[in-house]
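Note: the block below is protein-v9.txt and it holds compact mmCIF, C-alpha atoms and all ligand atoms.
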# COMPACT_ATOMS: atom_id res chain seq x y z
CA MET P 1 -23.83 217.36 28.01
CA PRO P 2 -24.36 218.53 31.62
CA ARG P 3 -27.91 217.82 32.72
CA ILE P 4 -28.89 220.28 35.42
CA ILE P 5 -31.93 220.14 37.68
CA ASN P 6 -32.67 223.70 38.81
CA ILE P 7 -34.57 224.00 42.07
CA CYS P 8 -37.00 226.73 43.00
CA GLY P 9 -39.60 226.70 45.71
CA ALA P 10 -40.20 230.03 47.40
CA ARG P 11 -40.77 233.55 46.15
CA PRO P 12 -37.17 234.82 46.39
CA ASN P 13 -35.96 231.87 44.28
CA PHE P 14 -37.84 232.69 41.12
CA MET P 15 -35.95 235.88 40.20
CA LYS P 16 -32.69 233.97 40.71
CA ILE P 17 -33.67 231.07 38.43
CA ALA P 18 -35.01 233.31 35.62
CA PRO P 19 -31.65 234.67 34.34
CA LEU P 20 -30.06 231.23 34.60
CA MET P 21 -32.69 229.72 32.32
CA ARG P 22 -31.95 232.49 29.80
CA ALA P 23 -28.19 232.04 30.10
CA TYR P 24 -28.37 228.28 29.54
CA ARG P 25 -29.80 228.96 26.07
CA GLY P 26 -26.36 230.25 25.07
CA HIS P 27 -24.95 226.78 25.85
CA PRO P 28 -26.74 224.17 23.78
CA ASN P 29 -24.80 221.41 25.52
CA ILE P 30 -26.58 222.21 28.81
CA VAL P 31 -29.86 220.36 29.35
CA PRO P 32 -31.81 222.16 32.10
CA LEU P 33 -34.85 220.94 34.00
CA ILE P 34 -36.85 223.01 36.50
CA VAL P 35 -38.23 221.42 39.63
CA HIS P 36 -40.62 223.56 41.71
CA THR P 37 -40.93 222.17 45.23
CA GLY P 38 -44.27 223.87 45.85
CA GLN P 39 -43.02 225.55 49.07
CA HIS P 40 -44.87 228.64 47.87
CA TYR P 41 -48.08 227.87 46.02
CA ASP P 42 -50.40 230.92 46.05
CA ALA P 43 -50.65 232.44 42.56
CA ASN P 44 -49.34 235.80 43.83
CA MET P 45 -46.38 234.13 45.60
CA SER P 46 -45.34 231.93 42.67
CA GLU P 47 -47.16 231.76 39.32
CA VAL P 48 -47.06 235.53 38.67
CA PHE P 49 -43.24 235.41 38.80
CA PHE P 50 -43.04 232.67 36.17
CA ARG P 51 -45.31 234.68 33.90
CA GLN P 52 -43.64 238.07 34.38
CA LEU P 53 -40.07 236.78 34.25
CA GLY P 54 -40.64 234.42 31.33
CA ILE P 55 -39.50 231.36 33.29
CA PRO P 56 -40.43 228.14 31.49
CA GLU P 57 -43.12 226.02 33.15
CA PRO P 58 -41.54 223.77 35.77
CA ASP P 59 -40.93 220.27 34.44
CA LEU P 60 -42.17 219.00 37.77
CA ASN P 61 -43.95 220.39 40.83
CA LEU P 62 -43.46 218.48 44.08
CA GLU P 63 -46.45 220.29 45.63
CA VAL P 64 -45.19 220.11 49.20
CA GLY P 65 -47.05 223.18 50.51
CA SER P 66 -46.66 224.59 54.02
CA GLY P 67 -45.75 222.86 57.26
CA SER P 68 -43.31 223.06 60.15
CA HIS P 69 -39.67 223.32 59.11
CA ALA P 70 -39.07 219.62 59.72
CA GLN P 71 -42.23 218.57 57.91
CA GLN P 72 -41.63 220.84 54.93
CA THR P 73 -37.96 219.89 54.59
CA ALA P 74 -38.72 216.19 54.97
CA GLN P 75 -41.56 216.31 52.43
CA ILE P 76 -39.33 218.02 49.87
CA MET P 77 -36.59 215.45 50.46
CA SER P 78 -38.78 212.40 50.14
CA ARG P 79 -40.50 213.72 47.02
CA PHE P 80 -37.28 214.90 45.37
CA GLU P 81 -35.27 211.70 45.89
CA PRO P 82 -37.11 209.62 43.24
CA VAL P 83 -36.82 212.54 40.82
CA VAL P 84 -33.03 212.51 41.10
CA GLN P 85 -32.97 208.72 40.84
CA GLN P 86 -35.07 208.84 37.71
CA HIS P 87 -33.30 211.70 35.91
CA ARG P 88 -29.72 211.07 37.08
CA PRO P 89 -28.64 214.70 36.48
CA ASP P 90 -25.01 215.82 36.46
CA TRP P 91 -25.85 218.74 38.72
CA VAL P 92 -28.56 219.90 41.06
CA LEU P 93 -28.45 223.68 41.23
CA VAL P 94 -29.98 225.37 44.26
CA VAL P 95 -30.33 229.08 44.97
CA GLY P 96 -30.56 231.17 48.12
CA ASP P 97 -31.32 229.94 51.61
CA VAL P 98 -34.87 228.63 51.86
CA ASN P 99 -35.95 225.19 53.05
CA SER P 100 -36.16 223.97 49.44
CA THR P 101 -32.46 224.86 49.01
CA ILE P 102 -31.08 222.65 51.80
CA ALA P 103 -33.64 219.86 51.26
CA CYS P 104 -32.74 219.34 47.59
CA ALA P 105 -28.99 219.82 48.13
CA LEU P 106 -29.02 217.12 50.81
CA VAL P 107 -30.90 214.64 48.60
CA ALA P 108 -28.57 215.24 45.65
CA THR P 109 -25.31 214.94 47.50
CA LYS P 110 -26.33 211.64 49.16
CA LEU P 111 -27.16 210.22 45.73
CA GLY P 112 -23.71 211.22 44.49
CA VAL P 113 -24.98 214.11 42.34
CA ARG P 114 -22.94 217.30 42.40
CA VAL P 115 -24.54 220.39 43.94
CA ALA P 116 -24.08 223.97 42.75
CA HIS P 117 -25.14 226.67 45.22
CA VAL P 118 -25.96 230.12 43.87
CA GLU P 119 -25.56 232.84 46.53
CA ALA P 120 -23.06 230.82 48.54
CA GLY P 121 -21.05 232.17 51.47
CA LEU P 122 -23.51 234.72 52.84
CA ARG P 123 -23.58 234.71 56.65
CA SER P 124 -25.66 236.70 59.12
CA PHE P 125 -23.86 234.93 62.01
CA ASP P 126 -27.28 234.58 63.62
CA ARG P 127 -28.14 230.93 64.07
CA GLY P 128 -31.58 231.88 65.31
CA MET P 129 -32.52 232.49 61.68
CA PRO P 130 -33.69 229.39 59.82
CA GLU P 131 -32.04 230.77 56.67
CA GLU P 132 -28.62 230.91 58.36
CA ILE P 133 -28.83 227.19 59.15
CA ASN P 134 -29.87 226.52 55.56
CA ARG P 135 -26.94 228.58 54.24
CA LEU P 136 -24.31 226.91 56.45
CA LEU P 137 -25.49 223.39 55.68
CA THR P 138 -25.96 223.92 51.95
CA ASP P 139 -22.49 225.40 51.56
CA ALA P 140 -20.96 222.54 53.57
CA ILE P 141 -22.24 219.95 51.06
CA SER P 142 -22.02 221.91 47.80
CA ASP P 143 -19.41 221.10 45.17
CA LEU P 144 -19.58 224.46 43.42
CA LEU P 145 -20.04 227.60 45.52
CA LEU P 146 -21.14 230.58 43.45
CA VAL P 147 -20.61 233.76 45.40
CA SER P 148 -22.48 237.06 44.97
CA GLU P 149 -20.42 239.53 47.04
CA PRO P 150 -16.90 239.75 48.54
CA SER P 151 -18.02 238.85 52.09
CA GLY P 152 -19.03 235.42 50.75
CA LEU P 153 -15.47 234.76 49.60
CA GLU P 154 -14.08 235.79 52.96
CA ASN P 155 -16.59 233.66 54.93
CA LEU P 156 -15.92 230.53 52.88
CA ARG P 157 -12.17 231.02 53.13
CA ARG P 158 -12.45 231.33 56.91
CA GLU P 159 -14.57 228.16 57.03
CA GLY P 160 -11.80 226.33 55.19
CA VAL P 161 -13.64 225.66 51.91
CA ALA P 162 -11.19 224.71 49.15
CA ALA P 163 -10.59 227.70 46.89
CA GLU P 164 -11.15 225.72 43.68
CA ARG P 165 -14.79 225.07 44.67
CA VAL P 166 -15.50 228.79 45.09
CA HIS P 167 -16.23 231.24 42.24
CA PHE P 168 -17.14 234.92 42.58
CA VAL P 169 -19.77 235.29 39.85
CA GLY P 170 -21.88 238.25 40.99
CA ASN P 171 -25.54 238.58 41.81
CA VAL P 172 -28.22 236.81 39.74
CA MET P 173 -31.01 238.72 41.49
CA ILE P 174 -29.51 241.91 40.08
CA ASP P 175 -29.42 240.29 36.61
CA THR P 176 -33.19 240.09 36.85
CA LEU P 177 -33.54 243.62 38.17
CA ARG P 178 -31.51 245.09 35.32
CA PHE P 179 -33.33 242.98 32.75
CA SER P 180 -36.76 244.02 34.07
CA LEU P 181 -36.44 247.64 35.16
CA GLU P 182 -37.70 249.27 31.98
CA HIS P 183 -40.63 246.92 31.84
CA ALA P 184 -41.34 247.63 35.52
CA ARG P 185 -41.38 251.37 34.89
CA ARG P 186 -44.20 250.85 32.40
CA THR P 187 -46.48 249.15 34.95
CA ARG P 188 -49.44 251.16 36.22
CA VAL P 189 -49.07 250.27 39.86
CA LEU P 190 -48.48 253.83 41.09
CA ASP P 191 -51.59 255.07 39.29
CA ALA P 192 -53.59 252.12 40.49
CA LEU P 193 -52.65 252.92 44.10
CA GLY P 194 -52.87 256.70 43.60
CA LEU P 195 -49.20 257.25 44.49
CA ALA P 196 -46.73 259.89 43.31
CA PRO P 197 -43.01 259.16 42.92
CA ARG P 198 -41.18 259.69 46.28
CA GLY P 199 -44.56 260.41 47.87
CA TYR P 200 -44.70 257.16 49.84
CA ASN P 201 -42.66 254.59 51.73
CA VAL P 202 -42.72 250.82 51.21
CA LEU P 203 -42.74 248.20 53.95
CA THR P 204 -42.24 244.43 53.86
CA LEU P 205 -42.17 242.23 56.94
CA HIS P 206 -42.19 238.47 57.28
CA ARG P 207 -39.21 237.21 59.33
CA PRO P 208 -40.30 235.01 62.25
CA SER P 209 -38.15 237.14 64.61
CA ASN P 210 -40.22 240.20 63.69
CA VAL P 211 -43.73 238.92 63.19
CA ASP P 212 -44.07 235.93 65.53
CA ASP P 213 -43.51 237.84 68.78
CA PRO P 214 -46.26 240.33 69.73
CA LEU P 215 -43.79 242.53 71.63
CA VAL P 216 -41.44 242.92 68.68
CA PHE P 217 -44.26 243.31 66.17
CA GLY P 218 -45.83 245.88 68.51
CA ARG P 219 -42.56 247.88 68.65
CA LEU P 220 -42.45 247.92 64.87
CA LEU P 221 -46.01 249.25 64.82
CA ASP P 222 -44.94 252.04 67.22
CA ALA P 223 -42.30 253.11 64.69
CA LEU P 224 -44.73 252.79 61.80
CA GLU P 225 -47.22 255.00 63.58
CA ARG P 226 -44.69 257.87 63.46
CA ILE P 227 -43.40 257.14 59.96
CA SER P 228 -46.84 256.77 58.39
CA ALA P 229 -47.83 260.13 59.87
CA ASP P 230 -44.99 261.71 57.84
CA LEU P 231 -45.58 259.88 54.56
CA GLN P 232 -47.93 257.03 53.77
CA VAL P 233 -46.53 253.51 53.98
CA VAL P 234 -47.54 250.91 51.38
CA PHE P 235 -47.38 247.42 52.86
CA PRO P 236 -47.72 244.44 50.52
CA ILE P 237 -48.37 241.85 53.15
CA HIS P 238 -46.86 238.35 53.20
CA PRO P 239 -49.35 235.56 54.05
CA ARG P 240 -47.55 234.56 57.25
CA THR P 241 -47.58 238.18 58.46
CA ARG P 242 -51.28 238.50 57.70
CA ALA P 243 -52.01 235.31 59.61
CA ASN P 244 -49.97 236.54 62.58
CA LEU P 245 -51.73 239.90 62.77
CA ALA P 246 -54.96 238.10 63.44
CA ARG P 247 -53.45 235.45 65.72
CA LEU P 248 -51.56 238.00 67.87
CA GLY P 249 -54.54 240.35 68.09
CA LEU P 250 -52.67 243.20 66.39
CA GLN P 251 -55.09 243.80 63.52
CA PRO P 252 -57.02 246.61 65.30
CA ARG P 253 -53.78 248.52 65.99
CA LEU P 254 -52.81 248.23 62.37
CA ASP P 255 -56.25 249.28 61.17
CA ALA P 256 -55.94 252.43 63.29
CA LEU P 257 -52.88 253.61 61.35
CA ARG P 258 -54.42 255.90 58.76
CA GLY P 259 -51.19 256.26 56.79
CA LEU P 260 -50.54 252.53 56.47
CA ARG P 261 -51.96 250.84 53.37
CA LEU P 262 -52.13 247.09 53.29
CA VAL P 263 -52.12 245.57 49.82
CA GLU P 264 -51.90 241.99 48.62
CA PRO P 265 -48.43 240.64 47.68
CA LEU P 266 -47.50 242.24 44.34
CA GLY P 267 -46.01 240.79 41.19
CA TYR P 268 -42.28 241.21 40.57
CA LEU P 269 -42.64 244.09 38.11
CA GLU P 270 -45.15 246.02 40.19
CA PHE P 271 -43.06 245.64 43.32
CA LEU P 272 -39.90 246.70 41.52
CA ARG P 273 -41.67 249.85 40.30
CA LEU P 274 -42.99 250.52 43.78
CA MET P 275 -39.47 250.28 45.26
CA ALA P 276 -37.81 252.29 42.50
CA ASP P 277 -40.00 255.34 43.19
CA ALA P 278 -40.29 255.04 46.97
CA ALA P 279 -38.91 257.61 49.41
CA VAL P 280 -37.73 255.00 51.91
CA VAL P 281 -38.06 251.21 51.92
CA LEU P 282 -38.38 249.47 55.30
CA THR P 283 -37.86 245.74 55.21
CA ASP P 284 -36.62 242.56 56.84
CA SER P 285 -36.02 240.85 53.50
CA GLY P 286 -32.56 239.92 52.25
CA GLY P 287 -33.09 240.50 48.54
CA ILE P 288 -34.68 243.92 48.97
CA GLN P 289 -31.49 245.22 50.63
CA GLU P 290 -29.69 244.35 47.40
CA GLU P 291 -32.34 245.68 45.06
CA THR P 292 -32.56 249.08 46.79
CA THR P 293 -28.77 249.34 46.59
CA ILE P 294 -28.91 249.13 42.81
CA LEU P 295 -31.99 251.35 42.59
CA GLY P 296 -30.29 253.91 44.83
CA VAL P 297 -33.26 254.10 47.18
CA TRP P 298 -32.89 254.35 50.96
CA CYS P 299 -33.35 251.03 52.71
CA LEU P 300 -33.85 250.60 56.46
CA THR P 301 -33.43 246.97 57.45
CA LEU P 302 -35.50 246.01 60.48
CA ARG P 303 -32.94 243.50 61.74
CA GLU P 304 -29.79 243.59 63.89
CA ASN P 305 -27.65 241.88 61.27
CA THR P 306 -27.38 241.26 57.56
CA GLU P 307 -25.82 238.48 55.52
CA ARG P 308 -25.37 241.03 52.72
CA PRO P 309 -22.86 243.53 54.20
CA VAL P 310 -21.90 244.98 50.82
CA THR P 311 -25.29 246.74 50.87
CA LEU P 312 -24.10 248.61 53.99
CA THR P 313 -20.62 249.48 52.75
CA SER P 314 -21.39 250.24 49.08
CA GLY P 315 -25.14 250.62 49.13
CA THR P 316 -28.07 252.52 50.58
CA ASN P 317 -28.85 250.11 53.38
CA THR P 318 -28.79 250.78 57.15
CA LEU P 319 -29.45 248.24 59.90
CA VAL P 320 -31.97 249.72 62.31
CA GLY P 321 -33.14 246.74 64.39
CA THR P 322 -36.56 246.90 66.02
CA ASP P 323 -36.24 249.77 68.50
CA PRO P 324 -38.81 252.43 67.49
CA GLN P 325 -36.57 255.40 68.41
CA ARG P 326 -33.69 254.08 66.37
CA ILE P 327 -35.93 253.30 63.39
CA VAL P 328 -37.58 256.72 63.42
CA ALA P 329 -34.26 258.55 63.83
CA ALA P 330 -32.79 256.69 60.86
CA TYR P 331 -35.92 257.38 58.84
CA GLU P 332 -35.69 261.08 59.57
CA ARG P 333 -32.05 261.11 58.49
CA CYS P 334 -33.00 259.48 55.18
CA ARG P 335 -35.76 262.01 54.60
CA LYS P 336 -33.27 264.87 55.05
CA THR P 337 -30.47 263.39 52.94
CA PRO P 338 -30.70 263.63 49.16
CA LEU P 339 -30.07 260.40 47.29
CA GLY P 340 -26.75 260.22 45.48
CA GLU P 341 -25.82 258.24 42.38
CA PRO P 342 -26.11 254.53 43.18
CA ARG P 343 -22.82 252.73 43.80
CA VAL P 344 -22.62 249.34 42.17
CA PRO P 345 -21.00 246.45 44.07
CA GLU P 346 -18.45 244.47 42.09
CA LYS P 347 -19.95 242.13 39.47
CA TRP P 348 -23.52 243.27 40.05
CA ASP P 349 -23.55 244.04 36.37
CA GLY P 350 -26.39 241.89 35.07
CA ARG P 351 -24.11 239.10 33.85
CA ALA P 352 -23.84 236.77 36.84
CA ALA P 353 -26.03 234.05 35.29
CA GLU P 354 -23.90 234.09 32.13
CA ARG P 355 -20.80 233.47 34.23
CA ILE P 356 -22.52 230.60 36.01
CA ALA P 357 -23.71 228.98 32.76
CA GLU P 358 -20.22 229.28 31.33
CA LEU P 359 -18.72 227.53 34.36
CA LEU P 360 -21.29 224.74 34.33
CA ALA P 361 -20.94 224.17 30.58
CA LYS P 362 -17.23 223.44 31.11
CA MET P 363 -17.65 221.04 34.04
C1 LIG N 1 -39.79 231.55 53.13
C2 LIG N 1 -38.29 231.44 53.40
C3 LIG N 1 -37.72 232.82 53.63
C4 LIG N 1 -38.06 233.76 52.50
C5 LIG N 1 -39.56 233.78 52.34
C6 LIG N 1 -40.01 234.70 51.23
C7 LIG N 1 -37.57 229.40 54.56
C8 LIG N 1 -37.03 228.88 55.83
N1 LIG N 1 -38.02 230.66 54.60
O1 LIG N 1 -40.40 232.02 54.31
O2 LIG N 1 -36.32 232.73 53.72
O3 LIG N 1 -37.59 235.05 52.80
O4 LIG N 1 -40.00 232.44 52.06
O5 LIG N 1 -41.38 234.73 51.11
O6 LIG N 1 -37.58 228.70 53.58
N2 LIG N 1 -48.05 230.72 52.80
C9 LIG N 1 -49.15 230.96 52.04
N3 LIG N 1 -49.03 230.84 50.68
C10 LIG N 1 -47.88 230.48 50.08
C11 LIG N 1 -46.76 230.22 50.89
C12 LIG N 1 -46.86 230.36 52.24
O7 LIG N 1 -50.22 231.29 52.52
O8 LIG N 1 -47.85 230.39 48.85
C13 LIG N 1 -48.15 230.90 54.28
C14 LIG N 1 -48.47 229.65 55.01
O9 LIG N 1 -49.28 229.97 56.08
C15 LIG N 1 -47.12 229.20 55.52
C16 LIG N 1 -46.42 230.53 55.78
O10 LIG N 1 -46.90 231.39 54.76
O11 LIG N 1 -47.21 228.40 56.64
C17 LIG N 1 -44.93 230.47 55.73
O12 LIG N 1 -44.47 229.92 54.48
P1 LIG N 1 -43.03 229.21 54.42
O13 LIG N 1 -42.70 228.84 53.03
O14 LIG N 1 -42.95 228.14 55.44
O15 LIG N 1 -42.03 230.33 54.90
P2 LIG N 1 -41.96 231.88 54.55
O16 LIG N 1 -42.25 232.63 55.78
O17 LIG N 1 -42.71 232.21 53.31

Just give me the structure as structure tokens.
Ligand code: UD1
Amino acid sequence: MPRIINICGARPNFMKIAPLMRAYRGHPNIVPLIVHTGQHYDANMSEVFFRQLGIPEPDLNLEVGSGSHAQQTAQIMSRFEPVVQQHRPDWVLVVGDVNSTIACALVATKLGVRVAHVEAGLRSFDRGMPEEINRLLTDAISDLLLVSEPSGLENLRREGVAAERVHFVGNVMIDTLRFSLEHARRTRVLDALGLAPRGYNVLTLHRPSNVDDPLVFGRLLDALERISADLQVVFPIHPRTRANLARLGLQPRLDALRGLRLVEPLGYLEFLRLMADAAVVLTDSGGIQEETTILGVWCLTLRENTERPVTLTSGTNTLVGTDPQRIVAAYERCRKTPLGEPRVPEKWDGRAAERIAELLAKM
């Protein structure tokens, strides 16, 4: 009877937890609990995903909210420790690379509870990214490393992780995409925004390296000025990016871009529809590089590196950094090149969560 506490906290966690909760139902011996750390708390950053993806209500919400990295991580740890002591689970399962992931993994392992890490082994090799630190540390203390793409296997092997702890299960985020795509196509978001399929680009931007430095953010706006003159750019804006626009005095520049349309963060289904019918997606997100690969939509990643290299070798993704000339040149290439049939990375077949549940049920 494995009792599993499943952790979610921030927006990119919810679509990874959803298929796991469904897969556990096929294993009546698994007793799952959901703990929401409260890292993301706005309705459009959290609650909408539970509703749209049919995730059961969290059994517990730690309500930590925002703070510096140390404060947020420490708050999650001190609030999660008594939960583990009370429930004595067999496993704590964490997903991805956010502060909630490392905080809960660290608490569990010190209390002698085994940790399963979904999306293990990804490496950007950029220790300036908070997520890279979270990935390295979480993998170092996890008992079961559940890998989404071949590079993860290679990275863990090179780091000397024992092979029996590592399992290549595929990509749970893609489970959710495949499960939801038809539903997403029925949303009215294009009508609501007055958009025609392939008649717009989509932008997301929230990495500290892109939106905390006025010079870098300004360079991205230079590129967007050119791109939005070609085809309008729909920009569902993350709360930290919105806050920075005001703080860095960039709001007037953004307002001047006629072709750039700021919208509030969208629900999962609406955003999936928006991506599926976009001409080009520009992003600094990790998950969106994977989703566009499966959708077969061009993705330009506004970073110098990616922890998801399979999206470059078997997908539609290109790294373009933050130099306006390079971004615009890559954009123009995408606009001229017809989209082919999407190539599907190994085990991105919609069954990753089933494989994980099967493994956990046996352990
Ligand atoms: C976090 C993750 C990042 C992930 C991103 C997706 C870490 C280190 N980073 O970054 O990997 O890609 O989530 O969104 O865990 N805020 C709100 N409402 C909310 C949540 C946040 O207004 O519901 C604002 C607050 O001003 C907060 C800021 O956003 O200070 C940043 O939130 P935080 O969770 O610290 O990091 P993200 O940038 O969202």

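We find CA of Arg22 in chain P and CA of Gly96 in chain P to be spaced 18.4 Å apart.
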
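Minimum distance to Pro208 in chain P across P:Val84, P:Ile237, P:Leu60, P:Met129 (counting all atoms listed in the file) occurs at P:Met129.
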
Checklist line | At most 8 Å from ligand LIG 1 (chain N) (all atoms listed in the file): residue list as a PyMOL selection string | finding: chain P and resi 10-12+39-46+65-69+72+97-101+130-131+134+206-208+238-241+243+285-286

Check: Which residues, written as number ranges by chain, have at least one atom at most 12 Å from range 329-333 of chain P, with only C-alpha atoms counted and residues fewer than 3 positions away on the same chain left out?
Finding: P: 201, 223-224, 226-228, 230-231, 279-282, 298-302, 317-326, 336-339

Margin query: Give me, as a ChimeraX atom specification, all polymer residues having an atom no more than 10 Å from Val202 in chain P, counting only C-alpha atoms and skipping those fewer than 6 positions away in the same chain.
Written below: /P:232-236,260-261,271,274-275,277-283,299

Next item on the list: Kindly indicate which residue among P:His36, P:Arg355, P:His27, P:Arg343 lies nearest to His167 in chain P, using all atoms listed in the file for the distances.
Entry: P:Arg355

Next item on the list: Quick one: residues within 9 Å of (-30.3, 246.7, 42.3) (file frame), counting only C-alpha atoms, please, as a VMD selection string.
Entry: chain P and resid 173 to 175 177 to 178 288 to 296 342 344 348

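For the pair CA of Asn29 in chain P and CA of Leu144 in chain P, the separation is 18.9 Å.
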
Next item on the list: Determine the nearest neighbour of Phe50 in chain P from the options P:Ala163, P:Ile17, P:Ala246, P:Leu257, counting only C-alpha atoms.
Entry: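 Looking only at the distances to Phe50 in chain P, the closest residue turns out to be P:Ile17.
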
Next item on the list: May I have the residues within 10 Å of Ser148 in chain P as a ChimeraX atom specification, using all atoms listed in the file and disregarding those fewer than 2 positions away in the same chain?
Entry: /P:118-122,145-146,150-153,167-174,308,310,345-348,352

Margin query: Which residues are close to range 73-78 of chain P, i.e. within 7 Å by all atoms listed in the file, leaving aside same-chain residues fewer than 5 positions away? Reply as number ranges by chain.
Written below: P: 37, 64, 99-100, 103-104, 107

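With distances taken over all atoms listed in the file, P:Ser180 is the one residue among P:Ser180, P:Gln86, P:Thr138, P:Asn6 lying closest to Phe49 in chain P.
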
Note to self: Please report the interatomic distance between CA of Arg3 in chain P and CA of Ala23 in chain P in Å with one decimal.
What the structure shows: 14.5 Å
